[in-house]
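Shown below: target14.csv, with CSV, C-alpha atoms.
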```
chain,number,residue,atom,x,y,z
A,19,MET,CA,3.4,17.9,-54.4
A,20,LYS,CA,2.0,20.9,-52.6
A,21,THR,CA,-1.1,18.9,-51.6
A,22,ASP,CA,1.1,16.1,-50.3
A,23,ASN,CA,3.0,18.5,-48.1
A,24,MET,CA,-0.2,20.0,-46.7
A,25,SER,CA,-1.7,16.6,-46.0
A,26,GLU,CA,1.5,15.5,-44.2
A,27,ASP,CA,1.5,18.7,-42.2
A,28,ARG,CA,-2.0,18.0,-41.3
A,29,ALA,CA,-1.2,14.5,-40.2
A,30,LEU,CA,1.6,15.7,-38.0
A,31,GLU,CA,-0.6,18.3,-36.4
A,32,GLU,CA,-3.3,15.7,-35.6
A,33,ARG,CA,-0.8,13.2,-34.4
A,34,THR,CA,1.0,15.6,-32.1
A,35,LYS,CA,-2.3,17.0,-30.8
A,36,LEU,CA,-3.6,13.5,-30.0
A,37,LEU,CA,-0.4,12.7,-28.1
A,38,PHE,CA,-0.6,15.8,-26.1
A,39,ASN,CA,-4.2,15.3,-25.2
A,40,LYS,CA,-3.5,11.8,-24.1
A,41,SER,CA,-0.7,13.0,-21.9
A,42,VAL,CA,-3.0,15.5,-20.3
A,43,SER,CA,-5.8,13.0,-19.7
A,44,SER,CA,-3.4,10.6,-18.1
A,45,LEU,CA,-2.0,13.0,-15.5
A,46,ASP,CA,-1.5,11.2,-12.2
A,47,PRO,CA,-3.9,11.9,-9.3
A,48,GLN,CA,-1.2,13.6,-7.2
A,49,THR,CA,-0.5,16.2,-9.9
A,50,ARG,CA,-4.2,16.8,-10.4
A,51,SER,CA,-4.6,17.3,-6.7
A,52,LYS,CA,-1.7,19.8,-6.6
A,53,LEU,CA,-3.2,21.7,-9.5
A,54,THR,CA,-6.5,21.9,-7.7
A,55,GLN,CA,-4.8,23.3,-4.7
A,56,ALA,CA,-3.0,25.8,-6.9
A,57,ARG,CA,-6.3,26.9,-8.3
A,58,TYR,CA,-7.8,27.4,-4.9
A,59,ARG,CA,-4.8,29.4,-3.9
A,60,ALA,CA,-5.2,31.6,-6.9
A,61,LEU,CA,-9.0,32.1,-6.2
A,62,GLU,CA,-8.2,33.3,-2.8
A,63,GLU,CA,-6.9,36.4,-4.5
A,64,LEU,CA,-10.3,37.4,-5.5
A,65,GLU,CA,-11.5,40.4,-3.5
A,66,GLY,CA,-13.7,39.7,-0.6
A,67,SER,CA,-13.3,36.0,-0.6
A,68,ALA,CA,-10.8,33.6,0.9
A,69,PRO,CA,-12.2,30.3,-0.2
A,70,ALA,CA,-10.8,26.9,0.9
A,71,ALA,CA,-13.0,25.7,-2.0
A,72,PRO,CA,-14.2,27.6,-5.0
A,73,ALA,CA,-16.0,30.8,-4.2
A,74,GLY,CA,-19.4,31.5,-5.3
A,75,TRP,CA,-21.6,28.9,-3.7
A,76,ARG,CA,-20.8,29.8,-0.1
A,77,PRO,CA,-24.2,30.6,1.4
A,78,ARG,CA,-24.2,34.2,2.5
A,79,TRP,CA,-27.4,33.7,4.5
A,80,ILE,CA,-25.6,31.9,7.2
A,81,PRO,CA,-25.5,34.9,9.7
A,82,ALA,CA,-29.3,35.4,9.3
A,83,GLY,CA,-29.9,31.7,9.7
A,84,VAL,CA,-27.9,31.5,12.8
A,85,LEU,CA,-29.7,34.5,14.3
A,86,ALA,CA,-33.1,33.0,13.4
A,87,ALA,CA,-32.1,29.6,15.0
A,88,GLY,CA,-31.0,31.4,18.1
A,89,VAL,CA,-34.3,33.2,18.5
A,90,LEU,CA,-36.2,30.0,17.9
A,91,VAL,CA,-34.3,28.2,20.6
A,92,VAL,CA,-34.8,31.0,23.2
A,93,VAL,CA,-38.6,31.1,22.4
A,94,MET,CA,-38.9,27.3,22.7
A,95,LEU,CA,-37.0,27.3,26.1
A,96,TRP,CA,-39.2,30.1,27.4
A,97,GLN,CA,-42.4,28.5,26.4
A,98,GLY,CA,-41.3,25.1,27.6
A,99,GLN,CA,-41.0,26.3,31.3
A,100,PRO,CA,-43.8,24.8,33.6
A,101,ALA,CA,-46.5,27.3,34.5
A,102,VAL,CA,-45.8,27.4,38.2
A,103,SER,CA,-47.3,30.0,40.4
A,104,PRO,CA,-47.0,30.4,44.2
A,105,GLU,CA,-50.7,29.7,44.7
A,106,THR,CA,-50.7,26.4,42.9
A,107,PRO,CA,-48.2,23.8,44.1
A,108,ALA,CA,-46.7,21.8,41.3
A,109,PHE,CA,-47.6,18.5,43.0
A,110,ASP,CA,-49.9,17.0,45.7
A,111,VAL,CA,-48.2,17.6,49.0
A,112,ALA,CA,-50.7,15.3,50.8
A,113,ALA,CA,-49.9,12.4,48.6
A,114,LEU,CA,-46.2,13.0,49.2
A,115,SER,CA,-46.8,13.0,52.9
A,116,ASP,CA,-48.7,9.7,52.7
A,117,LEU,CA,-45.8,8.2,50.8
A,118,GLU,CA,-43.3,9.4,53.4
A,119,ILE,CA,-45.3,7.9,56.1
A,120,ILE,CA,-45.6,4.6,54.5
A,121,LEU,CA,-42.0,4.4,53.3
A,122,GLY,CA,-40.5,6.2,56.3
A,123,ASP,CA,-42.0,3.8,58.7
A,124,GLY,CA,-39.5,1.2,57.9
A,125,ASP,CA,-42.0,-1.6,58.7
A,126,LEU,CA,-42.5,-3.0,55.3
A,127,GLY,CA,-44.6,-5.8,56.9
A,128,LEU,CA,-47.5,-3.4,57.3
A,129,LEU,CA,-47.7,-2.9,53.6
A,130,GLN,CA,-48.8,-6.4,53.4
A,131,GLU,CA,-51.7,-5.8,55.7
A,132,LEU,CA,-53.6,-3.4,53.5
A,133,GLU,CA,-56.8,-5.1,54.3
A,134,PHE,CA,-56.3,-4.4,57.9
A,135,TYR,CA,-55.9,-0.7,57.3
A,136,ALA,CA,-58.9,-0.7,55.1
A,137,TRP,CA,-60.9,-2.3,57.8
A,138,LEU,CA,-59.5,0.2,60.3
A,139,ASP,CA,-60.7,3.2,58.2
A,140,GLU,CA,-64.1,1.6,57.8
A,141,GLN,CA,-64.5,1.2,61.5
A,142,ALA,CA,-63.6,4.8,62.2
A,143,GLU,CA,-66.3,6.0,59.8
A,144,ILE,CA,-68.9,3.8,61.4
A,145,VAL,CA,-68.5,5.4,64.8
A,146,THR,CA,-72.0,6.6,65.7
A,147,PRO,CA,-73.0,9.3,68.2
A,148,GLU,CA,-74.5,6.6,70.4
A,149,SER,CA,-71.5,4.6,70.6
A,150,ALA,CA,-69.4,7.7,71.2
A,151,GLU,CA,-71.6,8.8,74.1
A,152,GLY,CA,-71.5,5.3,75.6
A,153,GLY,CA,-67.8,5.1,75.2
A,154,VAL,CA,-67.3,8.4,76.9
A,155,GLY,CA,-69.8,7.8,79.7
B,478,MET,CA,-20.7,43.8,-24.7
B,479,THR,CA,-23.6,41.4,-24.2
B,480,LEU,CA,-26.6,42.4,-22.2
B,481,ALA,CA,-25.7,40.0,-19.4
B,482,VAL,CA,-22.1,41.3,-19.2
B,483,PHE,CA,-23.5,44.9,-19.2
B,484,VAL,CA,-26.0,44.1,-16.4
B,485,GLN,CA,-23.3,42.4,-14.4
B,486,ALA,CA,-20.9,45.3,-14.8
B,487,THR,CA,-23.4,48.0,-13.9
B,488,CYS,CA,-26.3,46.8,-11.9
B,489,LEU,CA,-25.2,44.0,-9.6
B,490,PRO,CA,-23.7,44.9,-6.3
B,491,LYS,CA,-20.0,44.6,-5.9
B,492,GLU,CA,-20.3,41.5,-3.8
B,493,GLU,CA,-22.5,39.8,-6.4
B,494,ARG,CA,-20.0,40.7,-9.2
B,495,THR,CA,-17.2,39.2,-7.2
B,496,LEU,CA,-19.2,36.0,-6.7
B,497,GLU,CA,-20.0,35.7,-10.4
B,498,SER,CA,-16.4,36.4,-11.3
B,499,GLY,CA,-15.3,33.7,-8.8
B,500,ILE,CA,-17.5,31.1,-10.4
B,501,GLU,CA,-16.4,32.0,-13.9
B,502,MET,CA,-12.7,32.1,-12.9
B,503,ASP,CA,-12.8,28.8,-11.2
B,504,ALA,CA,-14.4,27.2,-14.2
B,505,PHE,CA,-11.8,28.8,-16.5
B,506,LEU,CA,-8.8,27.7,-14.4
B,507,ARG,CA,-10.2,24.2,-14.0
B,508,GLU,CA,-10.4,24.0,-17.8
B,509,VAL,CA,-6.8,25.2,-18.5
B,510,GLU,CA,-4.8,24.0,-15.6
B,511,LYS,CA,-3.9,20.5,-16.8
B,512,ARG,CA,-3.0,21.6,-20.3
B,513,ALA,CA,-1.0,24.5,-18.9
B,514,TYR,CA,0.9,22.2,-16.6
B,515,ARG,CA,1.8,19.8,-19.4
B,516,ILE,CA,2.9,22.6,-21.7
B,517,THR,CA,5.0,24.1,-18.9
B,518,ALA,CA,6.5,20.7,-17.9
B,519,ALA,CA,7.4,20.0,-21.5
B,520,SER,CA,9.0,23.5,-21.7
B,521,ILE,CA,11.1,23.5,-18.6
B,522,ARG,CA,11.4,19.8,-18.1
B,523,ASP,CA,10.9,19.9,-14.3
B,524,ALA,CA,7.6,18.7,-12.9
B,525,ASP,CA,7.8,20.5,-9.5
B,526,GLU,CA,8.8,23.8,-11.0
B,527,ALA,CA,6.1,23.5,-13.5
B,528,LEU,CA,3.5,23.3,-10.8
B,529,ASP,CA,4.9,26.4,-9.2
B,530,ILE,CA,4.9,28.3,-12.4
B,531,VAL,CA,1.4,27.4,-13.3
B,532,GLN,CA,0.2,28.5,-9.8
B,533,ASP,CA,2.1,31.7,-10.2
B,534,ALA,CA,0.4,32.4,-13.5
B,535,MET,CA,-3.0,31.6,-12.1
B,536,ILE,CA,-2.5,34.0,-9.2
B,537,SER,CA,-1.2,36.7,-11.5
B,538,LEU,CA,-4.2,36.3,-13.8
B,539,VAL,CA,-6.7,36.5,-10.9
B,540,ARG,CA,-5.0,39.6,-9.5
B,541,LYS,CA,-4.6,41.5,-12.6
B,542,TYR,CA,-7.3,40.4,-15.0
B,543,SER,CA,-10.2,38.9,-13.1
B,544,GLY,CA,-12.2,42.1,-13.8
B,545,ARG,CA,-11.7,41.7,-17.5
B,546,PRO,CA,-14.2,39.9,-19.7
B,547,ALA,CA,-13.9,36.1,-19.5
B,548,GLU,CA,-13.3,35.9,-23.3
B,549,GLU,CA,-9.9,37.6,-22.8
B,550,TRP,CA,-8.6,35.4,-20.0
B,551,ARG,CA,-7.2,32.5,-22.2
B,552,PRO,CA,-4.8,34.5,-24.2
B,553,LEU,CA,-3.9,36.7,-21.2
B,554,PHE,CA,-3.2,33.6,-19.1
B,555,TYR,CA,-1.0,32.1,-21.7
B,556,ARG,CA,0.9,35.3,-22.2
B,557,ILE,CA,1.6,35.3,-18.4
B,558,LEU,CA,2.6,31.7,-18.5
B,559,LYS,CA,4.9,32.1,-21.5
B,560,ASN,CA,6.6,35.0,-19.7
B,561,ARG,CA,7.0,33.0,-16.5
B,562,ILE,CA,8.5,30.2,-18.4
B,563,ARG,CA,10.9,32.5,-20.1
B,564,ASP,CA,11.8,34.3,-16.9
B,565,TRP,CA,12.4,31.0,-15.2
B,566,GLN,CA,14.8,29.9,-17.9
B,567,ARG,CA,16.4,33.3,-18.3
B,568,HIS,CA,17.3,33.6,-14.7
B,569,GLY,CA,18.5,30.0,-14.4
B,570,VAL,CA,16.6,29.1,-11.3
B,571,VAL,CA,18.0,25.6,-11.3
B,572,LYS,CA,21.2,26.1,-13.1
B,573,GLY,CA,23.0,23.0,-14.4
B,574,ARG,CA,20.1,20.8,-13.4
B,575,VAL,CA,17.6,21.3,-16.1
B,576,LEU,CA,17.9,21.3,-19.9
B,577,SER,CA,16.7,24.7,-21.1
B,578,PHE,CA,13.9,23.9,-23.4
B,579,PHE,CA,14.1,27.2,-25.2
B,580,GLY,CA,17.9,27.1,-25.2
B,581,GLY,CA,18.2,23.7,-26.7
B,582,GLN,CA,21.3,22.5,-24.7
B,583,GLU,CA,22.4,18.9,-24.8
B,584,GLY,CA,23.5,16.6,-22.1
B,585,GLU,CA,20.2,16.6,-20.4
B,586,THR,CA,19.5,14.8,-17.1
B,587,TYR,CA,15.7,15.0,-17.7
B,588,ASP,CA,14.2,11.8,-18.7
B,589,PRO,CA,11.0,12.5,-20.7
B,590,VAL,CA,9.8,8.9,-20.5
B,591,ALA,CA,10.2,8.8,-16.7
B,592,GLN,CA,8.5,12.2,-16.4
B,593,ALA,CA,5.6,11.2,-18.7
B,594,PRO,CA,2.2,10.8,-17.1
B,595,GLY,CA,1.1,7.4,-16.0
B,596,PRO,CA,-0.8,5.3,-18.5
B,597,SER,CA,-4.6,5.6,-18.5
B,598,THR,CA,-5.1,2.6,-20.7
B,599,SER,CA,-5.1,-1.0,-19.9
B,600,ASN,CA,-2.8,-1.7,-22.8
B,601,PRO,CA,0.8,-1.4,-21.6
B,602,ASP,CA,2.3,-1.7,-25.1
B,603,GLU,CA,0.2,1.2,-26.3
B,604,ALA,CA,1.1,3.3,-23.3
B,605,VAL,CA,4.8,2.7,-23.8
B,606,ALA,CA,4.6,3.5,-27.5
B,607,ARG,CA,2.7,6.7,-26.7
B,608,GLY,CA,5.1,7.6,-24.0
B,609,GLU,CA,8.1,7.1,-26.3
B,610,ALA,CA,6.4,9.1,-29.1
B,611,MET,CA,5.6,12.0,-26.7
B,612,ALA,CA,9.2,11.9,-25.5
B,613,ALA,CA,10.5,12.1,-29.0
B,614,LEU,CA,8.2,15.0,-29.7
B,615,GLU,CA,9.4,16.9,-26.7
B,616,LYS,CA,13.0,16.2,-27.6
B,617,GLU,CA,12.5,17.5,-31.1
B,618,LEU,CA,10.5,20.5,-29.9
B,619,ALA,CA,13.4,21.5,-27.7
B,620,LYS,CA,15.4,22.0,-30.9
B,621,VAL,CA,12.9,24.3,-32.5
B,622,PRO,CA,13.5,28.0,-32.2
B,623,ARG,CA,11.7,29.5,-29.2
B,624,ARG,CA,9.1,31.6,-31.1
B,625,GLN,CA,8.2,28.8,-33.4
B,626,ARG,CA,7.9,26.5,-30.4
B,627,GLU,CA,5.6,28.9,-28.6
B,628,ALA,CA,3.4,29.3,-31.7
B,629,PHE,CA,3.2,25.5,-32.1
B,630,MET,CA,2.3,24.8,-28.5
B,631,LEU,CA,-0.3,27.5,-28.2
B,632,ARG,CA,-1.9,26.7,-31.5
B,633,ASN,CA,-1.7,22.9,-31.6
B,634,PHE,CA,-1.6,21.9,-28.0
B,635,GLU,CA,-3.8,24.5,-26.4
B,636,GLY,CA,-6.0,25.1,-29.4
B,637,LEU,CA,-5.7,28.9,-29.4
B,638,SER,CA,-6.9,30.7,-32.4
B,639,VAL,CA,-4.4,32.8,-34.5
B,640,SER,CA,-5.6,36.0,-32.9
B,641,GLU,CA,-5.5,34.6,-29.4
B,642,THR,CA,-2.0,33.2,-30.0
B,643,ALA,CA,-1.0,36.7,-31.3
B,644,ILE,CA,-2.1,38.2,-28.0
B,645,ALA,CA,-0.4,35.5,-26.0
B,646,MET,CA,2.9,36.0,-27.9
B,647,SER,CA,2.6,39.8,-28.2
B,648,CYS,CA,3.1,39.7,-31.9
B,649,SER,CA,1.0,40.1,-35.1
B,650,GLU,CA,-1.2,37.4,-36.5
B,651,GLY,CA,1.0,37.1,-39.6
B,652,SER,CA,4.0,36.3,-37.4
B,653,VAL,CA,2.0,33.6,-35.6
B,654,LYS,CA,1.2,32.0,-39.0
B,655,THR,CA,4.8,32.1,-40.1
B,656,HIS,CA,6.2,30.7,-36.8
B,657,TYR,CA,3.6,28.0,-36.7
B,658,PHE,CA,4.2,26.9,-40.3
B,659,ARG,CA,7.9,26.7,-39.8
B,660,ALA,CA,7.5,24.8,-36.6
B,661,VAL,CA,5.3,22.2,-38.3
B,662,ARG,CA,7.7,21.8,-41.2
B,663,ARG,CA,10.7,21.4,-39.0
B,664,LEU,CA,9.0,18.9,-36.8
B,665,ARG,CA,7.7,16.9,-39.7
B,666,GLU,CA,11.2,16.6,-41.0
B,667,SER,CA,12.7,15.6,-37.7
B,668,LEU,CA,9.9,13.4,-36.5
B,669,GLY,CA,9.2,11.6,-39.7
B,670,GLU,CA,10.6,8.3,-38.6
B,671,HIS,CA,8.7,8.3,-35.3
B,672,PHE,CA,5.4,9.3,-36.7
```
Structure encoded using structure tokens:
Amino acid sequence: MKTDNMSEDRALEERTKLLFNKSVSSLDPQTRSKLTQARYRALEELEGSAPAAPAGWRPRWIPAGVLAAGVLVVVMLWQGQPAVSPETPAFDVAALSDLEIILGDGDLGLLQELEFYAWLDEQAEIVTPESAEGGVG
Amino acid sequence: MTLAVFVQATCLPKEERTLESGIEMDAFLREVEKRAYRITAASIRDADEALDIVQDAMISLVRKYSGRPAEEWRPLFYRILKNRIRDWQRHGVVKGRVLSFFGGQEGETYDPVAQAPGPSTSNPDEAVARGEAMAALEKELAKVPRRQREAFMLRNFEGLSVSETAIAMSCSEGSVKTHYFRAVRRLRESLGEHF
């Protein structure tokens, strides 16, 4: 009789525990979410932390990392500047002048007579002292 | 005190200790929050108020006992929770709206089946049967004397040991055993047909 009572007690304990566990595991998502928020709110009470998420894993090296990244950017910008000095122009001024002459003329037809200009240059170089004297005289 | 606890308490900087404590506390609260909520909801029979009470108990634990060894947190948390539930009922926060679980009044407006968690199974019949059985259990628990009910919930639902339950209930271990035994016998008699 005593054994029966004990086994019945045991059965009730197991049955009620199972029911309770099932009711816990089937909590709806909204309630779970609210419980999570409640936990975060409680953890905010911990000294020195005000986590929106659980404290502990928040990287405390962020200030050092930000500083290092800032220094790196400054160095890169400084080294990336072109090495310009007053003595050495950054580009060929003569070439730019030629370009201005050609494009500024407005007579685009001349660009098509490159052979003519080449011939003209050639003739200028061929000028000899004899022909120069004869020409002057 | 284990070596790890000793080192933590004495050698680590304050910030490190807070960090470790935060991780441990988060894990502990995550572990107990759902069960605490269900126990509270079954006790006061109000889902929204149960959430507030559980959060209040969590905050109180963190404020007062986060510096204590983690092994002590469970019984301390349930002692706080038990006191919050009792305060809530004693002061009648929502007078006339809620059946006092510990007072055992009749004429309730609370519907245990409607308040029961949603089914997690694909078998609707099983879910309904389980919901009804849980509702019957909660209804009969409401008729059990308060101390017996507390002992039953903490020992059976939450799985606290006799010594932990004694701490939570602020009584001797012998009293816990007595309350628990009487609660089981009483429930067995009243729930026989449902179980």
For the atom pair CA of Ala56 (chain A) and CA of Gly636 (chain B), what is the interatomic distance in Å to one decimal place?
22.7 Å
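The space separating CA of Arg50 (chain A) from CA of Asp525 (chain B) comes to 12.6 Å.
CA of Arg632 (chain B) is found 24.4 Å from CA of Ala606 (chain B).
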Around the point (-3.9, 40.4, -36.3) in the file's coordinates, collect all residues with an atom within 6 Å, using only C-alpha atoms, and return them as a list in words.
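Here is the list of nearby residues: Ser640, Ser649 and Glu650 of chain B.
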Go ahead and save the residues from that selection, with C-alpha atoms, as a short mmCIF file (atom, residue, chain, number, x, y, z; two decimals), in the coordinates of the input.
```cif
data_model
loop_
_atom_site.label_atom_id
_atom_site.label_comp_id
_atom_site.auth_asym_id
_atom_site.auth_seq_id
_atom_site.Cartn_x
_atom_site.Cartn_y
_atom_site.Cartn_z
CA SER B 640 -5.60 36.00 -32.90
CA SER B 649 1.00 40.10 -35.10
CA GLU B 650 -1.20 37.40 -36.50
#
```
If the cut-off is 7 Å, can you tell me the residues of chain A near chain B, counting all atoms listed in the file? I'd like them as number ranges by chain.
A: 27, 30-31, 35, 37-38, 41-42, 44-46, 53, 56-57, 60-61, 63-65, 72-74
Residue subset to file, keeping C-alpha atoms, as a compact mmCIF listing (two decimals), in the frame of the given file:
```
# COMPACT_ATOMS: atom_id res chain seq x y z
CA ASP A 27 1.50 18.70 -42.20
CA LEU A 30 1.60 15.70 -38.00
CA GLU A 31 -0.60 18.30 -36.40
CA LYS A 35 -2.30 17.00 -30.80
CA LEU A 37 -0.40 12.70 -28.10
CA PHE A 38 -0.60 15.80 -26.10
CA SER A 41 -0.70 13.00 -21.90
CA VAL A 42 -3.00 15.50 -20.30
CA SER A 44 -3.40 10.60 -18.10
CA LEU A 45 -2.00 13.00 -15.50
CA ASP A 46 -1.50 11.20 -12.20
CA LEU A 53 -3.20 21.70 -9.50
CA ALA A 56 -3.00 25.80 -6.90
CA ARG A 57 -6.30 26.90 -8.30
CA ALA A 60 -5.20 31.60 -6.90
CA LEU A 61 -9.00 32.10 -6.20
CA GLU A 63 -6.90 36.40 -4.50
CA LEU A 64 -10.30 37.40 -5.50
CA GLU A 65 -11.50 40.40 -3.50
CA PRO A 72 -14.20 27.60 -5.00
CA ALA A 73 -16.00 30.80 -4.20
CA GLY A 74 -19.40 31.50 -5.30
```
Between B:Lys654, B:Thr517, B:Arg659, B:Lys620, which residue has the minimum interatomic distance to Tyr555 (chain B), considering all atoms listed in the file?
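Checking each of B:Lys654, B:Thr517, B:Arg659, B:Lys620 against Tyr555 (chain B), counting all atoms listed in the file, the winner is B:Thr517.
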Restricting to all atoms listed in the file, whichever of A:Asn39, A:Thr49, A:Gln55, A:Thr34 is closest to Ala613 (chain B) is A:Thr34
